[in-house]
Every structure is written in C-alpha cells, then in structure tokens.
Amino acid sequence: MAQQQFLHQRPIKNPFSSSPLSNSSLSNRPISLLSRNGLLLLLALLVILGVFLPWAGSPLFPFPNTFSSSSHSKWRDYSLAQAVSFVAKNGTVIVCAVSYPYLPFLNNWLISVSRQNHQDKVLVIAEDYATLYKVNEKWPGHAVLIPPALDSQTAHKFGSQGFFNFTSRRPQHLLQIVELGYSVMYNDVDMVWLQDPFNYLQGRHDAYFEDDMTAIKPLDHSHDLPPPGKKGRPYICSCMIFLRPTTGAKLLLKKWIEEMRDQPWSREKKANDQPAFNWALMKTAHQVDLYLLPQAAFPTGGLYFKNKTWVKETKGKHVIIHNNYILGFEKKTKRFRDYGLWLVDDHALESPLGKLE
C-alpha cells in the first residue's frame, strides 16, 4: 500500500523524454551512435516508439499524450451521441455553436454559466477543427464537430452567406439531440447569464423561446406565441431556445429545417435561420405546446441596451442578456465592456477554458 501511495504521488514522466534507458556507466560518459552501446540505445528507442506510439491516444496508455495527431484523430471521431452522453446532466444539455473567431465570446458566456453552476452540462458544437481542438485541449470532451467543417478564420457577418451556412445547421443539431432523448437549451454565445434560466422554464411545454421585439410588454404578458408582425410572421429570437424531447419539439424542428430549405440564401434575400424559425413556429403552433418566456427576464438587446428607463424599472428581474441589435465583433465587445458584462478581462479563470492565448 505504501508503495502504491508513493507511485500516485510521483509525477508520471513521458518515456520519450527522460526515462533512464541505460545504466549508470553509460550516463557518466558520452555515447557515440556508431558505438555498440549507441546502436543498442538507438534500437531500443525505435522499439519503444514502435510499440507505444500507436497507443498514445488510447485511454489504456498511462502517460501524457504528446502526439497531437493522435489526439486530433480522437476528437475527429468523437460523435454527437458520445458527446451528449458525456456532458448531459439529468437528461439535459446546454448547447452553443462556435467558430474560432468567437472563442472570446464563448469564454465570456461560459463564465456567466459557471456562476450559475451549469457549466458541466455545456456542449460546444465546434464549426471548425481549430475550435474543436482548442476547446477539447482545455476542456476534454466538451466540444464536438459535426461535419462538414466550416472555414475557421472567418467571423461571418450577419446577412452573409457564411452566416447563413453557420446558422442553418442549428435546427439539425438540435433535432439530433432531442431524437437522442435529451432536453436541450440552445444559446448564442453573445449572451450573459445574470440568473439561472432553468428557474423560468415553467410547466412541461415542448418549446420555450424569447421575443426579439423592443416594444415593452406588461410584466404579466401572455406566454402564447405573439401575433404576426408586418412581414406576416412573429419576431421570435432563435438565440435562446429550450426544447424537450417530445413529438411536438421534433415536429417544430423538422418544420424549421424545411423552411430553411425553402428559403435559401441569395444576394437579394440574404436569409438567416431566424425568419425560418418564426415561420415554423407559426405553422406548427396548433400542434406544438409553445411558451414565450417573460420579457423582463429575457430581454432583447434592442430593449436592454437602449431603454435605460425600462432597465431601471425591471432591475433584478433580468436573467439572460443578449448582445444583439448591433453588428460586429468589436462593437459587441465594446458594448459588453461599457455595461460591465465583458467578464473575460478580469474573471477568465472562472471559465472551464481558463485564459485563452
């Protein structure tokens, strides 16, 4: 037992870096590779590499994995089903979709989620391999990539074809998760949690969502789907959605996917996923149990950041703040900083990812 405790206390060394492969006499003098001992040492190293290198990515291999290609291969083969099973708690998973340029926003969002003790059930759907590897390097098992991968260096602008390609995958990801039998909360990462949103998921409805309109509602407003606006559909935000693994939720997601296919991106229309989501909500409202979250708790950015009077009147009621109604990485960052919501500057260590280099 004493020997076992000692082994646990000793740091495990990588056998490829400093293991004592020769006797003390060899360590006290230089070894020529052309000498007999040198050739034997070289042969021993080749044998060790040949035996252990293929196992470097295996959980049976007891040493730190220093071979990035093996690690990358492991995460490339990591499936959505495996990832959801790993992170889910009580049948629920929190999902976001992230490309590499938005890792600072992911970290900012994660800090706020961690403050509500829900970080362990977060799954990052990486839209590129750079994000997949980075997140899993810092937080193993909490990122998955569902092919095809997108361009990792492009922060797609709202209305661009790249943005459409990025957001159009969202309903398919969510459908896969509910079909696996899990409840799922989706968040955009330009959000900050101030309170625990799970306390506001009243009842057992199929789908929960928030309004994207800036018009002020009474505090006791209806939780039904709002009536259509000028464009013939409601203005619900696809940024924050909670879905249960029900027939109704699956029907809504399938309709959303169908609407996306019927409204492809073009230079004239510059579509994104949100209008399709609203059409799907409206067309399935008689078949799906829908729930509009309270505006005071889940305000759109166009209300929270632009109506100081309303913010004062509803102080203490805000749960998730969405940094929308503004375009651009730099502008979003500045606005979060101006309102004390850019947490990564001083609180990065509260995130499971820590400080990102």
# chains A, B, ... in the order shown; residues from 1 in each chain; ligands from 1
>>> residues_around(residues="segment 141-148 of chain A", least_positions_apart="6", cutoff="9 Å", atoms="only C-alpha atoms", output="PDB file with all heavy atoms, in the first residue's frame")
ATOM      1  N   TRP A  75     -10.536  13.274 -31.463  1.00  0.00           N
ATOM      2  CA  TRP A  75     -11.644  14.235 -31.426  1.00  0.00           C
ATOM      3  C   TRP A  75     -12.373  14.310 -32.759  1.00  0.00           C
ATOM      4  O   TRP A  75     -13.566  14.618 -32.791  1.00  0.00           O
ATOM      5  CB  TRP A  75     -11.148  15.608 -30.987  1.00  0.00           C
ATOM      6  CG  TRP A  75     -10.608  15.603 -29.586  1.00  0.00           C
ATOM      7  CD1 TRP A  75      -9.371  16.005 -29.173  1.00  0.00           C
ATOM      8  CD2 TRP A  75     -11.289  15.153 -28.402  1.00  0.00           C
ATOM      9  NE1 TRP A  75      -9.224  15.835 -27.821  1.00  0.00           N
ATOM     10  CE2 TRP A  75     -10.395  15.313 -27.322  1.00  0.00           C
ATOM     11  CE3 TRP A  75     -12.554  14.620 -28.151  1.00  0.00           C
ATOM     12  CZ2 TRP A  75     -10.728  14.970 -26.014  1.00  0.00           C
ATOM     13  CZ3 TRP A  75     -12.885  14.271 -26.850  1.00  0.00           C
ATOM     14  CH2 TRP A  75     -11.983  14.445 -25.800  1.00  0.00           C
ATOM     15  N   ARG A  76     -11.682  14.022 -33.852  1.00  0.00           N
ATOM     16  CA  ARG A  76     -12.368  13.989 -35.150  1.00  0.00           C
ATOM     17  C   ARG A  76     -13.417  12.876 -35.178  1.00  0.00           C
ATOM     18  O   ARG A  76     -14.455  12.997 -35.829  1.00  0.00           O
ATOM     19  CB  ARG A  76     -11.350  13.742 -36.280  1.00  0.00           C
ATOM     20  CG  ARG A  76     -10.596  14.985 -36.729  1.00  0.00           C
ATOM     21  CD  ARG A  76      -9.550  14.616 -37.775  1.00  0.00           C
ATOM     22  NE  ARG A  76      -8.809  15.768 -38.242  1.00  0.00           N
ATOM     23  CZ  ARG A  76      -9.114  16.472 -39.339  1.00  0.00           C
ATOM     24  NH1 ARG A  76     -10.150  16.101 -40.067  1.00  0.00           N
ATOM     25  NH2 ARG A  76      -8.401  17.513 -39.696  1.00  0.00           N
ATOM     26  N   ASP A  77     -13.133  11.789 -34.471  1.00  0.00           N
ATOM     27  CA  ASP A  77     -14.041  10.636 -34.462  1.00  0.00           C
ATOM     28  C   ASP A  77     -15.092  10.715 -33.356  1.00  0.00           C
ATOM     29  O   ASP A  77     -15.941   9.823 -33.246  1.00  0.00           O
ATOM     30  CB  ASP A  77     -13.233   9.342 -34.298  1.00  0.00           C
ATOM     31  CG  ASP A  77     -12.292   9.091 -35.468  1.00  0.00           C
ATOM     32  OD1 ASP A  77     -12.577   9.600 -36.570  1.00  0.00           O
ATOM     33  OD2 ASP A  77     -11.269   8.406 -35.275  1.00  0.00           O
ATOM     34  N   TYR A  78     -15.028  11.737 -32.545  1.00  0.00           N
ATOM     35  CA  TYR A  78     -15.952  11.921 -31.414  1.00  0.00           C
ATOM     36  C   TYR A  78     -17.332  12.281 -31.963  1.00  0.00           C
ATOM     37  O   TYR A  78     -17.504  13.270 -32.674  1.00  0.00           O
ATOM     38  CB  TYR A  78     -15.402  13.053 -30.561  1.00  0.00           C
ATOM     39  CG  TYR A  78     -15.988  13.251 -29.184  1.00  0.00           C
ATOM     40  CD1 TYR A  78     -16.230  12.192 -28.322  1.00  0.00           C
ATOM     41  CD2 TYR A  78     -16.255  14.546 -28.723  1.00  0.00           C
ATOM     42  CE1 TYR A  78     -16.721  12.406 -27.047  1.00  0.00           C
ATOM     43  CE2 TYR A  78     -16.743  14.776 -27.450  1.00  0.00           C
ATOM     44  CZ  TYR A  78     -16.981  13.705 -26.613  1.00  0.00           C
ATOM     45  OH  TYR A  78     -17.462  13.928 -25.340  1.00  0.00           O
ATOM     46  N   SER A  79     -18.330  11.476 -31.656  1.00  0.00           N
ATOM     47  CA  SER A  79     -19.655  11.677 -32.245  1.00  0.00           C
ATOM     48  C   SER A  79     -20.540  12.536 -31.345  1.00  0.00           C
ATOM     49  O   SER A  79     -20.284  12.685 -30.142  1.00  0.00           O
ATOM     50  CB  SER A  79     -20.334  10.328 -32.475  1.00  0.00           C
ATOM     51  OG  SER A  79     -20.689   9.735 -31.230  1.00  0.00           O
ATOM     52  N   LEU A  80     -21.593  13.076 -31.927  1.00  0.00           N
ATOM     53  CA  LEU A  80     -22.543  13.871 -31.155  1.00  0.00           C
ATOM     54  C   LEU A  80     -23.184  13.019 -30.060  1.00  0.00           C
ATOM     55  O   LEU A  80     -23.366  13.495 -28.927  1.00  0.00           O
ATOM     56  CB  LEU A  80     -23.618  14.457 -32.073  1.00  0.00           C
ATOM     57  CG  LEU A  80     -24.687  15.318 -31.395  1.00  0.00           C
ATOM     58  CD1 LEU A  80     -24.073  16.550 -30.740  1.00  0.00           C
ATOM     59  CD2 LEU A  80     -25.765  15.741 -32.390  1.00  0.00           C
ATOM     60  N   GLN A  82     -21.904  10.469 -28.459  1.00  0.00           N
ATOM     61  CA  GLN A  82     -20.925  10.308 -27.381  1.00  0.00           C
ATOM     62  C   GLN A  82     -20.809  11.584 -26.553  1.00  0.00           C
ATOM     63  O   GLN A  82     -20.760  11.542 -25.325  1.00  0.00           O
ATOM     64  CB  GLN A  82     -19.550   9.965 -27.973  1.00  0.00           C
ATOM     65  CG  GLN A  82     -19.434   8.585 -28.559  1.00  0.00           C
ATOM     66  CD  GLN A  82     -18.096   8.382 -29.251  1.00  0.00           C
ATOM     67  OE1 GLN A  82     -17.706   9.148 -30.124  1.00  0.00           O
ATOM     68  NE2 GLN A  82     -17.378   7.345 -28.860  1.00  0.00           N
ATOM     69  N   ALA A  83     -20.750  12.716 -27.237  1.00  0.00           N
ATOM     70  CA  ALA A  83     -20.548  13.983 -26.552  1.00  0.00           C
ATOM     71  C   ALA A  83     -21.732  14.338 -25.658  1.00  0.00           C
ATOM     72  O   ALA A  83     -21.567  14.744 -24.509  1.00  0.00           O
ATOM     73  CB  ALA A  83     -20.321  15.096 -27.578  1.00  0.00           C
ATOM     74  N   VAL A  84     -22.945  14.168 -26.176  1.00  0.00           N
ATOM     75  CA  VAL A  84     -24.135  14.483 -25.395  1.00  0.00           C
ATOM     76  C   VAL A  84     -24.239  13.566 -24.176  1.00  0.00           C
ATOM     77  O   VAL A  84     -24.554  14.007 -23.068  1.00  0.00           O
ATOM     78  CB  VAL A  84     -25.405  14.389 -26.269  1.00  0.00           C
ATOM     79  CG1 VAL A  84     -26.655  14.530 -25.420  1.00  0.00           C
ATOM     80  CG2 VAL A  84     -25.394  15.466 -27.347  1.00  0.00           C
ATOM     81  N   PHE A  86     -21.828  12.275 -22.601  1.00  0.00           N
ATOM     82  CA  PHE A  86     -20.765  12.645 -21.657  1.00  0.00           C
ATOM     83  C   PHE A  86     -21.146  13.870 -20.831  1.00  0.00           C
ATOM     84  O   PHE A  86     -20.906  13.906 -19.624  1.00  0.00           O
ATOM     85  CB  PHE A  86     -19.472  12.908 -22.433  1.00  0.00           C
ATOM     86  CG  PHE A  86     -18.337  13.394 -21.574  1.00  0.00           C
ATOM     87  CD1 PHE A  86     -17.699  12.537 -20.692  1.00  0.00           C
ATOM     88  CD2 PHE A  86     -17.910  14.711 -21.639  1.00  0.00           C
ATOM     89  CE1 PHE A  86     -16.650  12.985 -19.883  1.00  0.00           C
ATOM     90  CE2 PHE A  86     -16.869  15.166 -20.853  1.00  0.00           C
ATOM     91  CZ  PHE A  86     -16.233  14.303 -19.974  1.00  0.00           C
ATOM     92  N   VAL A  87     -21.746  14.893 -21.459  1.00  0.00           N
ATOM     93  CA  VAL A  87     -21.961  16.154 -20.748  1.00  0.00           C
ATOM     94  C   VAL A  87     -23.330  16.257 -20.087  1.00  0.00           C
ATOM     95  O   VAL A  87     -23.508  17.050 -19.154  1.00  0.00           O
ATOM     96  CB  VAL A  87     -21.765  17.376 -21.685  1.00  0.00           C
ATOM     97  CG1 VAL A  87     -20.407  17.333 -22.351  1.00  0.00           C
ATOM     98  CG2 VAL A  87     -22.872  17.477 -22.725  1.00  0.00           C
ATOM     99  N   ASP A 120     -21.098  22.245 -16.356  1.00  0.00           N
ATOM    100  CA  ASP A 120     -20.776  20.846 -16.627  1.00  0.00           C
ATOM    101  C   ASP A 120     -21.646  20.231 -17.710  1.00  0.00           C
ATOM    102  O   ASP A 120     -21.258  19.233 -18.335  1.00  0.00           O
ATOM    103  CB  ASP A 120     -20.897  20.012 -15.346  1.00  0.00           C
ATOM    104  CG  ASP A 120     -19.775  20.287 -14.357  1.00  0.00           C
ATOM    105  OD1 ASP A 120     -18.759  20.880 -14.777  1.00  0.00           O
ATOM    106  OD2 ASP A 120     -19.910  19.928 -13.178  1.00  0.00           O
ATOM    107  N   LYS A 121     -22.816  20.798 -17.954  1.00  0.00           N
ATOM    108  CA  LYS A 121     -23.702  20.242 -18.972  1.00  0.00           C
ATOM    109  C   LYS A 121     -23.599  20.983 -20.309  1.00  0.00           C
ATOM    110  O   LYS A 121     -24.431  20.799 -21.200  1.00  0.00           O
ATOM    111  CB  LYS A 121     -25.154  20.210 -18.483  1.00  0.00           C
ATOM    112  CG  LYS A 121     -25.762  21.557 -18.132  1.00  0.00           C
ATOM    113  CD  LYS A 121     -27.276  21.435 -17.880  1.00  0.00           C
ATOM    114  CE  LYS A 121     -27.583  20.744 -16.569  1.00  0.00           C
ATOM    115  NZ  LYS A 121     -27.436  21.629 -15.402  1.00  0.00           N
ATOM    116  N   VAL A 122     -22.561  21.794 -20.473  1.00  0.00           N
ATOM    117  CA  VAL A 122     -22.371  22.555 -21.715  1.00  0.00           C
ATOM    118  C   VAL A 122     -21.651  21.713 -22.757  1.00  0.00           C
ATOM    119  O   VAL A 122     -20.632  21.089 -22.477  1.00  0.00           O
ATOM    120  CB  VAL A 122     -21.579  23.853 -21.458  1.00  0.00           C
ATOM    121  CG1 VAL A 122     -21.141  24.496 -22.781  1.00  0.00           C
ATOM    122  CG2 VAL A 122     -22.418  24.842 -20.649  1.00  0.00           C
ATOM    123  N   LEU A 123     -22.182  21.722 -23.963  1.00  0.00           N
ATOM    124  CA  LEU A 123     -21.525  21.108 -25.113  1.00  0.00           C
ATOM    125  C   LEU A 123     -21.335  22.172 -26.182  1.00  0.00           C
ATOM    126  O   LEU A 123     -22.288  22.804 -26.622  1.00  0.00           O
ATOM    127  CB  LEU A 123     -22.363  19.952 -25.674  1.00  0.00           C
ATOM    128  CG  LEU A 123     -21.795  19.283 -26.933  1.00  0.00           C
ATOM    129  CD1 LEU A 123     -20.443  18.647 -26.644  1.00  0.00           C
ATOM    130  CD2 LEU A 123     -22.767  18.246 -27.472  1.00  0.00           C
ATOM    131  N   VAL A 124     -20.093  22.367 -26.586  1.00  0.00           N
ATOM    132  CA  VAL A 124     -19.758  23.320 -27.640  1.00  0.00           C
ATOM    133  C   VAL A 124     -19.773  22.575 -28.974  1.00  0.00           C
ATOM    134  O   VAL A 124     -19.000  21.629 -29.166  1.00  0.00           O
ATOM    135  CB  VAL A 124     -18.370  23.940 -27.410  1.00  0.00           C
ATOM    136  CG1 VAL A 124     -18.011  24.898 -28.545  1.00  0.00           C
ATOM    137  CG2 VAL A 124     -18.328  24.661 -26.064  1.00  0.00           C
ATOM    138  N   ILE A 125     -20.652  22.974 -29.869  1.00  0.00           N
ATOM    139  CA  ILE A 125     -20.631  22.426 -31.219  1.00  0.00           C
ATOM    140  C   ILE A 125     -19.661  23.279 -32.025  1.00  0.00           C
ATOM    141  O   ILE A 125     -19.949  24.426 -32.366  1.00  0.00           O
ATOM    142  CB  ILE A 125     -22.031  22.407 -31.848  1.00  0.00           C
ATOM    143  CG1 ILE A 125     -22.943  21.467 -31.042  1.00  0.00           C
ATOM    144  CG2 ILE A 125     -21.951  21.958 -33.302  1.00  0.00           C
ATOM    145  CD1 ILE A 125     -24.348  21.332 -31.587  1.00  0.00           C
ATOM    146  N   ALA A 126     -18.491  22.733 -32.267  1.00  0.00           N
ATOM    147  CA  ALA A 126     -17.445  23.449 -32.984  1.00  0.00           C
ATOM    148  C   ALA A 126     -17.752  23.436 -34.478  1.00  0.00           C
ATOM    149  O   ALA A 126     -18.027  22.380 -35.048  1.00  0.00           O
ATOM    150  CB  ALA A 126     -16.090  22.803 -32.710  1.00  0.00           C
ATOM    151  N   GLU A 127     -17.692  24.599 -35.094  1.00  0.00           N
ATOM    152  CA  GLU A 127     -17.976  24.680 -36.522  1.00  0.00           C
ATOM    153  C   GLU A 127     -16.704  24.553 -37.365  1.00  0.00           C
ATOM    154  O   GLU A 127     -16.763  24.610 -38.583  1.00  0.00           O
ATOM    155  CB  GLU A 127     -18.693  25.995 -36.835  1.00  0.00           C
ATOM    156  CG  GLU A 127     -20.070  26.114 -36.191  1.00  0.00           C
ATOM    157  CD  GLU A 127     -21.102  25.158 -36.779  1.00  0.00           C
ATOM    158  OE1 GLU A 127     -20.789  24.490 -37.780  1.00  0.00           O
ATOM    159  OE2 GLU A 127     -22.224  25.076 -36.244  1.00  0.00           O
ATOM    160  N   ASP A 128     -15.557  24.407 -36.707  1.00  0.00           N
ATOM    161  CA  ASP A 128     -14.297  24.222 -37.421  1.00  0.00           C
ATOM    162  C   ASP A 128     -13.361  23.413 -36.524  1.00  0.00           C
ATOM    163  O   ASP A 128     -13.554  23.322 -35.307  1.00  0.00           O
ATOM    164  CB  ASP A 128     -13.675  25.574 -37.788  1.00  0.00           C
ATOM    165  CG  ASP A 128     -13.598  26.513 -36.597  1.00  0.00           C
ATOM    166  OD1 ASP A 128     -12.793  26.240 -35.685  1.00  0.00           O
ATOM    167  OD2 ASP A 128     -14.352  27.506 -36.552  1.00  0.00           O
ATOM    168  N   TYR A 129     -12.334  22.826 -37.122  1.00  0.00           N
ATOM    169  CA  TYR A 129     -11.442  21.951 -36.365  1.00  0.00           C
ATOM    170  C   TYR A 129     -10.572  22.720 -35.373  1.00  0.00           C
ATOM    171  O   TYR A 129     -10.208  22.187 -34.323  1.00  0.00           O
ATOM    172  CB  TYR A 129     -10.578  21.125 -37.320  1.00  0.00           C
ATOM    173  CG  TYR A 129     -11.359  20.008 -37.979  1.00  0.00           C
ATOM    174  CD1 TYR A 129     -11.691  20.064 -39.331  1.00  0.00           C
ATOM    175  CD2 TYR A 129     -11.796  18.908 -37.234  1.00  0.00           C
ATOM    176  CE1 TYR A 129     -12.428  19.048 -39.928  1.00  0.00           C
ATOM    177  CE2 TYR A 129     -12.534  17.898 -37.818  1.00  0.00           C
ATOM    178  CZ  TYR A 129     -12.849  17.964 -39.168  1.00  0.00           C
ATOM    179  OH  TYR A 129     -13.586  16.963 -39.746  1.00  0.00           O
ATOM    180  N   THR A 131     -11.475  25.161 -33.493  1.00  0.00           N
ATOM    181  CA  THR A 131     -12.281  25.290 -32.270  1.00  0.00           C
ATOM    182  C   THR A 131     -12.401  23.954 -31.554  1.00  0.00           C
ATOM    183  O   THR A 131     -12.284  23.871 -30.326  1.00  0.00           O
ATOM    184  CB  THR A 131     -13.683  25.826 -32.614  1.00  0.00           C
ATOM    185  OG1 THR A 131     -13.550  27.090 -33.272  1.00  0.00           O
ATOM    186  CG2 THR A 131     -14.534  25.990 -31.373  1.00  0.00           C
ATOM    187  N   LEU A 132     -12.632  22.890 -32.307  1.00  0.00           N
ATOM    188  CA  LEU A 132     -12.741  21.548 -31.728  1.00  0.00           C
ATOM    189  C   LEU A 132     -11.500  21.199 -30.913  1.00  0.00           C
ATOM    190  O   LEU A 132     -11.591  20.761 -29.756  1.00  0.00           O
ATOM    191  CB  LEU A 132     -12.936  20.522 -32.843  1.00  0.00           C
ATOM    192  CG  LEU A 132     -12.961  19.054 -32.413  1.00  0.00           C
ATOM    193  CD1 LEU A 132     -14.249  18.721 -31.675  1.00  0.00           C
ATOM    194  CD2 LEU A 132     -12.792  18.134 -33.633  1.00  0.00           C
ATOM    195  N   TYR A 133     -10.338  21.418 -31.502  1.00  0.00           N
ATOM    196  CA  TYR A 133      -9.096  21.047 -30.825  1.00  0.00           C
ATOM    197  C   TYR A 133      -8.807  21.955 -29.642  1.00  0.00           C
ATOM    198  O   TYR A 133      -8.346  21.492 -28.590  1.00  0.00           O
ATOM    199  CB  TYR A 133      -7.927  21.080 -31.812  1.00  0.00           C
ATOM    200  CG  TYR A 133      -8.099  20.158 -33.001  1.00  0.00           C
ATOM    201  CD1 TYR A 133      -7.580  20.498 -34.255  1.00  0.00           C
ATOM    202  CD2 TYR A 133      -8.781  18.954 -32.893  1.00  0.00           C
ATOM    203  CE1 TYR A 133      -7.739  19.659 -35.344  1.00  0.00           C
ATOM    204  CE2 TYR A 133      -8.943  18.108 -33.982  1.00  0.00           C
ATOM    205  CZ  TYR A 133      -8.421  18.472 -35.207  1.00  0.00           C
ATOM    206  OH  TYR A 133      -8.581  17.634 -36.294  1.00  0.00           O
ATOM    207  N   LYS A 134      -9.065  23.234 -29.797  1.00  0.00           N
ATOM    208  CA  LYS A 134      -8.763  24.187 -28.729  1.00  0.00           C
ATOM    209  C   LYS A 134      -9.610  23.922 -27.500  1.00  0.00           C
ATOM    210  O   LYS A 134      -9.109  23.887 -26.367  1.00  0.00           O
ATOM    211  CB  LYS A 134      -8.983  25.622 -29.219  1.00  0.00           C
ATOM    212  CG  LYS A 134      -8.507  26.697 -28.242  1.00  0.00           C
ATOM    213  CD  LYS A 134      -7.003  26.654 -28.104  1.00  0.00           C
ATOM    214  CE  LYS A 134      -6.483  27.796 -27.281  1.00  0.00           C
ATOM    215  NZ  LYS A 134      -5.000  27.772 -27.153  1.00  0.00           N
ATOM    216  N   VAL A 135     -10.912  23.762 -27.690  1.00  0.00           N
ATOM    217  CA  VAL A 135     -11.803  23.546 -26.546  1.00  0.00           C
ATOM    218  C   VAL A 135     -11.488  22.218 -25.860  1.00  0.00           C
ATOM    219  O   VAL A 135     -11.396  22.145 -24.633  1.00  0.00           O
ATOM    220  CB  VAL A 135     -13.282  23.613 -26.973  1.00  0.00           C
ATOM    221  CG1 VAL A 135     -14.204  23.224 -25.805  1.00  0.00           C
ATOM    222  CG2 VAL A 135     -13.635  25.010 -27.473  1.00  0.00           C
ATOM    223  N   HIS A 173     -28.773  20.182 -35.711  1.00  0.00           N
ATOM    224  CA  HIS A 173     -28.064  19.777 -34.489  1.00  0.00           C
ATOM    225  C   HIS A 173     -29.055  19.532 -33.350  1.00  0.00           C
ATOM    226  O   HIS A 173     -28.965  18.533 -32.628  1.00  0.00           O
ATOM    227  CB  HIS A 173     -27.084  20.872 -34.053  1.00  0.00           C
ATOM    228  CG  HIS A 173     -25.988  21.173 -35.048  1.00  0.00           C
ATOM    229  ND1 HIS A 173     -25.546  20.257 -35.970  1.00  0.00           N
ATOM    230  CD2 HIS A 173     -25.259  22.307 -35.240  1.00  0.00           C
ATOM    231  CE1 HIS A 173     -24.586  20.801 -36.691  1.00  0.00           C
ATOM    232  NE2 HIS A 173     -24.388  22.031 -36.270  1.00  0.00           N
TER     233      HIS A 173
END
>>> residues_around(residues="Phe336 of chain A", least_positions_apart="3", cutoff="12 Å", atoms="only C-alpha atoms", output="PyMOL selection string")
chain A and resi 105+108-109+190-192+301+304-305+321-324+326+329-333+339-345
>>> write_last_selection(atoms="N, CA and C atoms", output="short mmCIF file (atom, residue, chain, number, x, y, z; two decimals), in the first residue's frame")
data_model
loop_
_atom_site.label_atom_id
_atom_site.label_comp_id
_atom_site.auth_asym_id
_atom_site.auth_seq_id
_atom_site.Cartn_x
_atom_site.Cartn_y
_atom_site.Cartn_z
N PHE A 105 -15.97 35.23 -26.99
CA PHE A 105 -17.37 35.32 -26.57
C PHE A 105 -17.82 34.03 -25.90
N ASN A 108 -16.53 34.24 -22.42
CA ASN A 108 -17.30 35.20 -21.64
C ASN A 108 -18.64 34.60 -21.20
N TRP A 109 -19.31 33.94 -22.12
CA TRP A 109 -20.59 33.28 -21.83
C TRP A 109 -20.39 32.17 -20.80
N ASP A 190 -23.07 35.34 -27.66
CA ASP A 190 -23.03 36.77 -27.33
C ASP A 190 -24.10 37.08 -26.28
N MET A 191 -24.21 36.20 -25.31
CA MET A 191 -25.17 36.33 -24.22
C MET A 191 -24.42 36.25 -22.89
N VAL A 192 -25.05 36.78 -21.85
CA VAL A 192 -24.52 36.68 -20.49
C VAL A 192 -25.66 36.31 -19.55
N GLY A 301 -31.59 42.60 -26.94
CA GLY A 301 -30.59 43.65 -26.77
C GLY A 301 -31.07 45.02 -27.18
N TYR A 304 -32.78 46.10 -23.82
CA TYR A 304 -31.91 46.21 -22.64
C TYR A 304 -30.86 47.29 -22.78
N PHE A 305 -30.24 47.39 -23.94
CA PHE A 305 -29.14 48.34 -24.12
C PHE A 305 -29.60 49.72 -24.58
N ILE A 321 -28.97 38.28 -20.83
CA ILE A 321 -28.86 39.47 -21.66
C ILE A 321 -28.25 39.07 -23.00
N HIS A 322 -28.91 39.47 -24.08
CA HIS A 322 -28.42 39.14 -25.42
C HIS A 322 -27.86 40.40 -26.08
N ASN A 323 -26.63 40.29 -26.54
CA ASN A 323 -25.94 41.44 -27.14
C ASN A 323 -26.23 41.50 -28.64
N ASN A 324 -27.52 41.61 -28.98
CA ASN A 324 -27.90 41.72 -30.39
C ASN A 324 -28.35 43.16 -30.69
N ILE A 326 -26.90 44.89 -32.77
CA ILE A 326 -25.63 45.55 -33.05
C ILE A 326 -24.79 44.57 -33.84
N PHE A 329 -17.90 42.20 -34.27
CA PHE A 329 -17.18 41.65 -33.13
C PHE A 329 -16.72 42.75 -32.17
N GLU A 330 -16.08 43.79 -32.72
CA GLU A 330 -15.52 44.85 -31.89
C GLU A 330 -16.62 45.65 -31.19
N LYS A 331 -17.69 45.93 -31.92
CA LYS A 331 -18.79 46.72 -31.34
C LYS A 331 -19.49 45.94 -30.22
N LYS A 332 -19.67 44.65 -30.42
CA LYS A 332 -20.29 43.83 -29.38
C LYS A 332 -19.41 43.78 -28.13
N THR A 333 -18.10 43.62 -28.35
CA THR A 333 -17.16 43.58 -27.22
C THR A 333 -17.20 44.89 -26.45
N TYR A 339 -21.08 48.04 -20.33
CA TYR A 339 -22.13 47.66 -19.38
C TYR A 339 -21.63 46.69 -18.30
N GLY A 340 -20.33 46.50 -18.22
CA GLY A 340 -19.78 45.62 -17.19
C GLY A 340 -20.07 44.16 -17.41
N LEU A 341 -20.30 43.77 -18.66
CA LEU A 341 -20.66 42.39 -18.97
C LEU A 341 -19.57 41.64 -19.74
N TRP A 342 -18.44 42.30 -19.97
CA TRP A 342 -17.31 41.61 -20.60
C TRP A 342 -16.44 41.07 -19.47
N LEU A 343 -16.66 39.80 -19.14
CA LEU A 343 -16.11 39.21 -17.93
C LEU A 343 -14.71 38.64 -18.10
N VAL A 344 -14.31 38.38 -19.34
CA VAL A 344 -13.05 37.66 -19.56
C VAL A 344 -11.82 38.48 -19.18
N ASP A 345 -11.94 39.79 -19.14
CA ASP A 345 -10.77 40.60 -18.79
C ASP A 345 -10.27 40.30 -17.38
#
>>> residues_around(residues="Leu243 of chain A", least_positions_apart="6", cutoff="6 Å", atoms="only C-alpha atoms", output="list in words")
Ser183, Val184, Asp206 and Ala207 of chain A
>>> write_last_selection(atoms="C-alpha atoms", output="CSV table (one decimal), in the first residue's frame")
chain,number,residue,atom,x,y,z
A,183,SER,CA,-33.8,18.1,-23.4
A,184,VAL,CA,-31.6,20.9,-24.8
A,206,ASP,CA,-42.5,21.4,-25.8
A,207,ALA,CA,-40.5,24.6,-26.7
>>> residues_around(residues="Ser351 of chain A", least_positions_apart="4", cutoff="8 Å", atoms="only C-alpha atoms", output="PyMOL selection string")
chain A and resi 107-108+110-111+114+347
>>> closest_residue(among="A:Lys217, A:Ala81, A:Lys89, A:Val95", to="Trp310 of chain A", atoms="only C-alpha atoms")
A:Lys217
>>> closest_residue(among="A:His72, A:Pro234, A:Gln295, A:Leu201", to="Thr314 of chain A", atoms="only C-alpha atoms")
A:Gln295
>>> closest_residue(among="A:Gln119, A:Asn278, A:Thr300, A:Gln172", to="Pro352 of chain A", atoms="only C-alpha atoms")
A:Gln119
